[in-house]
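Have a look at the structure below, then the notes.
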Amino acid sequence: MKIGIVYDSVFGNTAEIAKAIAAELQALHEVRLAPVAEAGSLDAAAMDLLIVGSPTRGFRPTPAIAEFIGGLSAAADRSAAAFDTRMNPEDIHPAPLRWVVQAGGYAADRISVELAEKGYGLKGTPGGFLVTGTEGPLKQGEVERAKEWARSLVA
């Protein structure tokens with residue numbers, strides 16, 4: 001299976017997750033990993049599975065990821081999956097701010113909707129990987145959880 005992974009990263013946490021996903025899948029699949037700035041070199045139409053990841057910024061993916069998805073051609077026979085990095089709602093204080101974050105949503109959900117609108121069949125549930133604060137680092141165990149999520153996409 002040909003798998004393309006496109007990601008954006010602000011503080012390096014989403015890049016770490018994307019690299020873990022690629023490392024997990026490349027033993028059995030042909031994997032291309034590209035930061036969104038280099039995604040033009042990736043032929044998304046040639047991929048059997050496109051995985052797109054972004055940090056959650058203001059309830060959304062980064063503008064660069066949104067632009068990348070907007071530029072994709074329709075893909076009726078292709079599959080896609082989405083992931084993001086986010087803060088754990090339990091770590092957000094005060095409680096009203098936690099409610100705002102939960103109501104606003106996360107990048108992976110929006111990425112999934114946009115990919116589906118382009119005609120991609122969605123694989124698995126959107127992945128959400130936790131950071132300890134706005135700049136990270138990743139919570140302990142999240143890299144392993146990302147690898148498990150990646151395996152579920154191709155099972």
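Residue numbering restarts at 1 in every chain; chains get A, B, ... in the order shown in the structure tokens, and ligands count up from 1 in that same order.
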Per residue of stretch 41-81 of chain A within 7 Å of stretch 2-25 of chain A, which atom pair is closest and at what distance in Å (one decimal), using only C-alpha atoms, listed by chain and increasing number, as a Markdown table?
| residue | atom | partner | partner_atom | distance |
| --- | --- | --- | --- | --- |
| A:Ala44 | CA | A:Gly4 | CA | 6.9 |
| A:Met47 | CA | A:Lys2 | CA | 5.0 |
| A:Asp48 | CA | A:Lys2 | CA | 5.2 |
| A:Leu49 | CA | A:Ile3 | CA | 4.8 |
| A:Leu50 | CA | A:Gly4 | CA | 4.8 |
| A:Ile51 | CA | A:Ile5 | CA | 4.7 |
| A:Val52 | CA | A:Val6 | CA | 4.9 |
| A:Gly53 | CA | A:Tyr7 | CA | 4.5 |
| A:Ser54 | CA | A:Asp8 | CA | 5.1 |
| A:Pro55 | CA | A:Thr14 | CA | 6.0 |
| A:Ile65 | CA | A:Asp8 | CA | 6.6 |
*Based on DSSP run over this structure's backbone, return all residues of stretch 39-155 of chain A in helix (DSSP H, G or I), as a ChimeraX atom specification.*
/A:39-41,44-46,63-70,89-91,95-104,107-117,142-154
_When you count only C-alpha atoms, which of these residues is closest to A:Ala74: A:Leu115, A:Val100, A:Ala39, A:Leu122?_
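Smallest separation from A:Ala74 among the options: A:Leu115.
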*asked:* Env of A:Leu72: 12 Å cut, atoms = only C-alpha atoms, seq-sep filter 6 positions within chain, self excluded. Answer as a PyMOL selection string.
replied: chain A and resi 39-40+42-46+50+52+65-66+78+80+114-120
*Point-to-point distance in Å for atom CA of A:Ala27 and atom CA of A:Ile111*: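 Answer for the atom CA of A:Ile111 to atom CA of A:Ala27 separation: 26.4 Å.
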_Can you tell me, as a PyMOL selection string, which residues in chain A count as strand (DSSP E or B) by DSSP?_
chain A and resi 2-7+30-35+49-55+57+60+79-87+121-122+127-131+138
Could you write out that same residue set with C-alpha atoms as a tab-separated table (two decimals), in the first residue's frame?
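Final file, part.tsv:
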chain	number	residue	atom	x	y	z
A	2	LYS	CA	1.22	3.50	-0.84
A	3	ILE	CA	0.78	5.85	2.10
A	4	GLY	CA	1.39	9.60	2.15
A	5	ILE	CA	1.67	11.49	5.42
A	6	VAL	CA	1.44	15.28	5.33
A	7	TYR	CA	1.73	17.30	8.51
A	30	GLU	CA	5.60	2.34	0.91
A	31	VAL	CA	5.47	5.51	3.01
A	32	ARG	CA	6.16	9.11	2.01
A	33	LEU	CA	6.40	11.61	4.86
A	34	ALA	CA	6.29	15.32	4.04
A	35	PRO	CA	5.92	18.48	6.07
A	49	LEU	CA	-4.02	6.24	1.97
A	50	LEU	CA	-3.40	9.90	2.76
A	51	ILE	CA	-2.82	10.77	6.41
A	52	VAL	CA	-2.99	14.47	7.32
A	53	GLY	CA	-1.99	15.92	10.68
A	54	SER	CA	-1.92	19.33	12.32
A	55	PRO	CA	-1.70	20.89	15.73
A	57	ARG	CA	-4.81	26.04	16.66
A	60	ARG	CA	-8.73	24.31	13.58
A	79	SER	CA	-8.76	6.69	1.60
A	80	ALA	CA	-7.65	9.22	4.18
A	81	ALA	CA	-7.21	9.66	7.90
A	82	ALA	CA	-6.58	12.68	10.12
A	83	PHE	CA	-4.78	13.34	13.38
A	84	ASP	CA	-3.94	16.30	15.54
A	85	THR	CA	-2.10	17.29	18.67
A	86	ARG	CA	-4.13	18.93	21.41
A	87	MET	CA	-4.23	19.69	25.07
A	121	GLY	CA	-13.18	7.55	2.28
A	122	LEU	CA	-12.24	8.00	5.91
A	127	GLY	CA	-6.51	10.61	16.07
A	128	GLY	CA	-6.01	13.11	18.87
A	129	PHE	CA	-2.63	13.04	20.62
A	130	LEU	CA	-2.09	14.94	23.84
A	131	VAL	CA	0.49	17.56	24.74
A	138	LEU	CA	3.81	15.23	24.22
*Figure out the distance between atom CA of A:Phe68 and atom CA of A:Lys123, please, to one decimal in Å.*
19.2 Å
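Distance annotation: of A:Met1, A:Ala155, A:Thr125, A:Thr56, the residue with the minimal separation from A:His29 is A:Met1; atom set is only C-alpha atoms.
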*For the atom pair atom CA of A:Gly141 and atom CA of A:Ile69, what is the interatomic distance in Å to one decimal place?*
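About the pair atom CA of A:Gly141 and atom CA of A:Ile69: they are 29.0 Å apart.
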